[in-house]
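Everything on this sheet refers to the single structure shown next.
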Amino acid sequence: TFPKLERNLPDTIPQIGFGLWKIAPEDCEAAILDAVRAGYRHFDSAADYGNEEAVGKGIKAAIDQGLCSREDLWITSKLWNTYHAPEHVETACRKSLSDLGLDYFDLYLVHFPIALEFVPFEQRYPPEWVFDPAAKHPAMKPAKVPQHQTWTAMERLVDAGLARQIGVCNYSSALLHDLMSYSRIAPAVLQVESHPYLTQQKLIRLARDYGMQVTAFSPFGALSYVEIGMAGAADSVLDEAAVTAAATAHDKTPAQVVLRWGIQRGNSVIPKSTNPDRMRENLAITDFELTEAEMTAIDALDQGRRFNDPGVFCEAAFGTFFPIYD
Ligand code: A2P
């Protein structure tokens with residue numbers, strides 16, 4: 001048994017969120033306004049997405065136009081790898097808050113269990129590196145920062161009122177066990193890639209047993225990676241018979257079936273779309289229920305297939321191999 005932990009369970013995290021990765025800064029304001037009009041209240045941001053100032057403009061516009069208030073929104077952001085040293089954590093969090101025009105986060109996450117050497121904000125590597133692994137950045141070097149030091153600094157963000165909840169992304173089972181062995185404030189959320197080709201059954205069960213809520217990123221699998229050349233359209237889970245059959249049976253689209261499968265497993269999902277029709281489509285998944293047999297058939301598509309793997313893309317970009325997953 002573990003010592004009693006302070007638990008900050010996010011009962012209020014809206015189950016369907018809006019992912020902001022890969023939305024170009026010039027498109028952010030319109031995308032946020034469209035998303036808020038469509039009904040999204042949960043926005044998943046990160047310093048690494050390189051668009052937080054633009055996202056902030058969108059949030060401000062939505063509030064100024066009376067579409068929602070700050071309190072209606074659930075805003076998540078993430079600590080980038082270059083700010084893991086305890087003395088940089090609060091500065092990085094405040095920078096994201098200031099870019100987004102907020103004074104607190106509903107949730108602040110450690111983006112990856114990878115610590116890289118500090119890079120001043122103004123010399124931050126161009127966000128395009130994700131899109132172009134050949135664009136090597138000389139400042140990207142692994143740093144020796146133990147995870148527990150980063151987590152202690154994350155806990156101080158809660159104490160200071162800068163983050164209501166804290167959590168982690170891209171952690172493996174072993175790293176979660178380790179984190180739970182010393183945390184004073186337990187992580188509220190685990191955010192990991194999960195879709196029918198990567199169901200993450202064991203890891204999700206562990207996170208739940210630890211009282212964490214799970215958020216699935218890239219809920220459509222390959223789709224998020226086609227536009228950046230990390231997957232082919234033929235890898236799409238939306239063409240699987242188990243998915244299309246359920247779509248036909250419920251008069252829904254394959255995308256809606258895959259998202260429904262995600263929330264019906266108890267996860268939150270954060271699909272991204274810059275198209276208002278697809279934004280609405282992705283929200284319209286609460287008026288039907290997949291049968292046990294349909295859920296099982298979709299579960300069976302699991303291939304342990306990961307599209308977002310820094311072990312692969314960091315090696316190409318920086319010459320350093322980070323095999324962080326189980
Ligand atoms: P678009 O922005 O043009 O709608 P993820 O959320 O997993 O990162 O996936 C995002 C990708 O999936 C984007 O390419 C997005 O394109 C596309 N997409 C989002 N919603 C749908 C949908 N309902 N049907 C098909 N493609 C979608």
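A note on labels: chains of the structure tokens are A, B, ... as shown, every chain counts residues from 1, and ligands are counted from 1 in their shown order.
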
- prompt: Please, which residues have at least one atom within 6 Å of an atom of ligand 1, using only C-alpha atoms and all ligand atoms, listed as a PyMOL selection string?
  reply: chain A and resi 218-221+223-224+255+271-275+278+281-282

query: Quick one: DSSP strand (DSSP E or B) residues in region 3-247 of chain A, as a ChimeraX atom specification?
result: /A:6,16,18-19,42-44,74-79,105-110,116,142,163-169,185,189-193,195,198,213-217

- prompt: Closest to Gly229 (chain A) among A:Gln165, A:Thr291, A:Ser181, A:Asn308, using only C-alpha atoms?
  reply: A:Asn308

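Pairwise distance (CA of Pro142 (chain A), CA of Leu97 (chain A)) equals 25.7 Å.
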
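For the set A:Trp151, A:Arg156, A:Arg205, A:Arg260, the residue with the smallest atom-to-atom gap to Ser183 (chain A) is A:Trp151, counting only C-alpha atoms.
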
field: Residues near Thr82 (chain A), cut-off 9 Å, only C-alpha atoms, skip fewer than 5 positions along chain, as number ranges by chain
entry: A: 88, 114-120, 140-143

Output file for the residues above (N, CA and C atoms, as a CSV table (one decimal), in the first residue's frame):
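Result saved to again23.csv:
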chain,number,residue,atom,x,y,z
A,88,HIS,N,13.6,26.0,-13.9
A,88,HIS,CA,13.0,26.5,-15.1
A,88,HIS,C,11.5,26.2,-15.2
A,114,ILE,N,11.5,13.2,-21.0
A,114,ILE,CA,12.8,13.4,-21.7
A,114,ILE,C,13.3,14.8,-21.3
A,115,ALA,N,14.5,14.9,-20.6
A,115,ALA,CA,15.0,16.2,-20.3
A,115,ALA,C,16.1,16.6,-21.3
A,116,LEU,N,15.9,17.8,-21.8
A,116,LEU,CA,16.9,18.3,-22.8
A,116,LEU,C,17.6,19.5,-22.2
A,117,GLU,N,18.7,19.9,-22.7
A,117,GLU,CA,19.4,21.0,-22.1
A,117,GLU,C,18.6,22.3,-22.4
A,118,PHE,N,18.7,23.2,-21.4
A,118,PHE,CA,17.9,24.4,-21.4
A,118,PHE,C,18.2,25.3,-22.7
A,119,VAL,N,17.1,25.8,-23.3
A,119,VAL,CA,17.3,26.7,-24.4
A,119,VAL,C,16.5,27.9,-24.1
A,120,PRO,N,17.1,29.1,-24.1
A,120,PRO,CA,16.3,30.3,-23.8
A,120,PRO,C,15.1,30.5,-24.7
A,140,MET,N,19.9,21.0,-29.0
A,140,MET,CA,19.1,19.9,-28.5
A,140,MET,C,19.9,18.7,-28.0
A,141,LYS,N,20.3,18.8,-26.7
A,141,LYS,CA,21.1,17.8,-26.1
A,141,LYS,C,20.4,17.2,-24.9
A,142,PRO,N,20.6,15.9,-24.6
A,142,PRO,CA,20.0,15.4,-23.4
A,142,PRO,C,20.6,16.1,-22.2
A,143,ALA,N,19.8,16.3,-21.1
A,143,ALA,CA,20.2,16.9,-19.9
A,143,ALA,C,20.0,15.9,-18.7

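For the residues A:His195, A:Lys60, A:His84, A:His111, ranking by smallest atom-to-atom distance to Ala30 (chain A) using only C-alpha atoms places A:Lys60 first.
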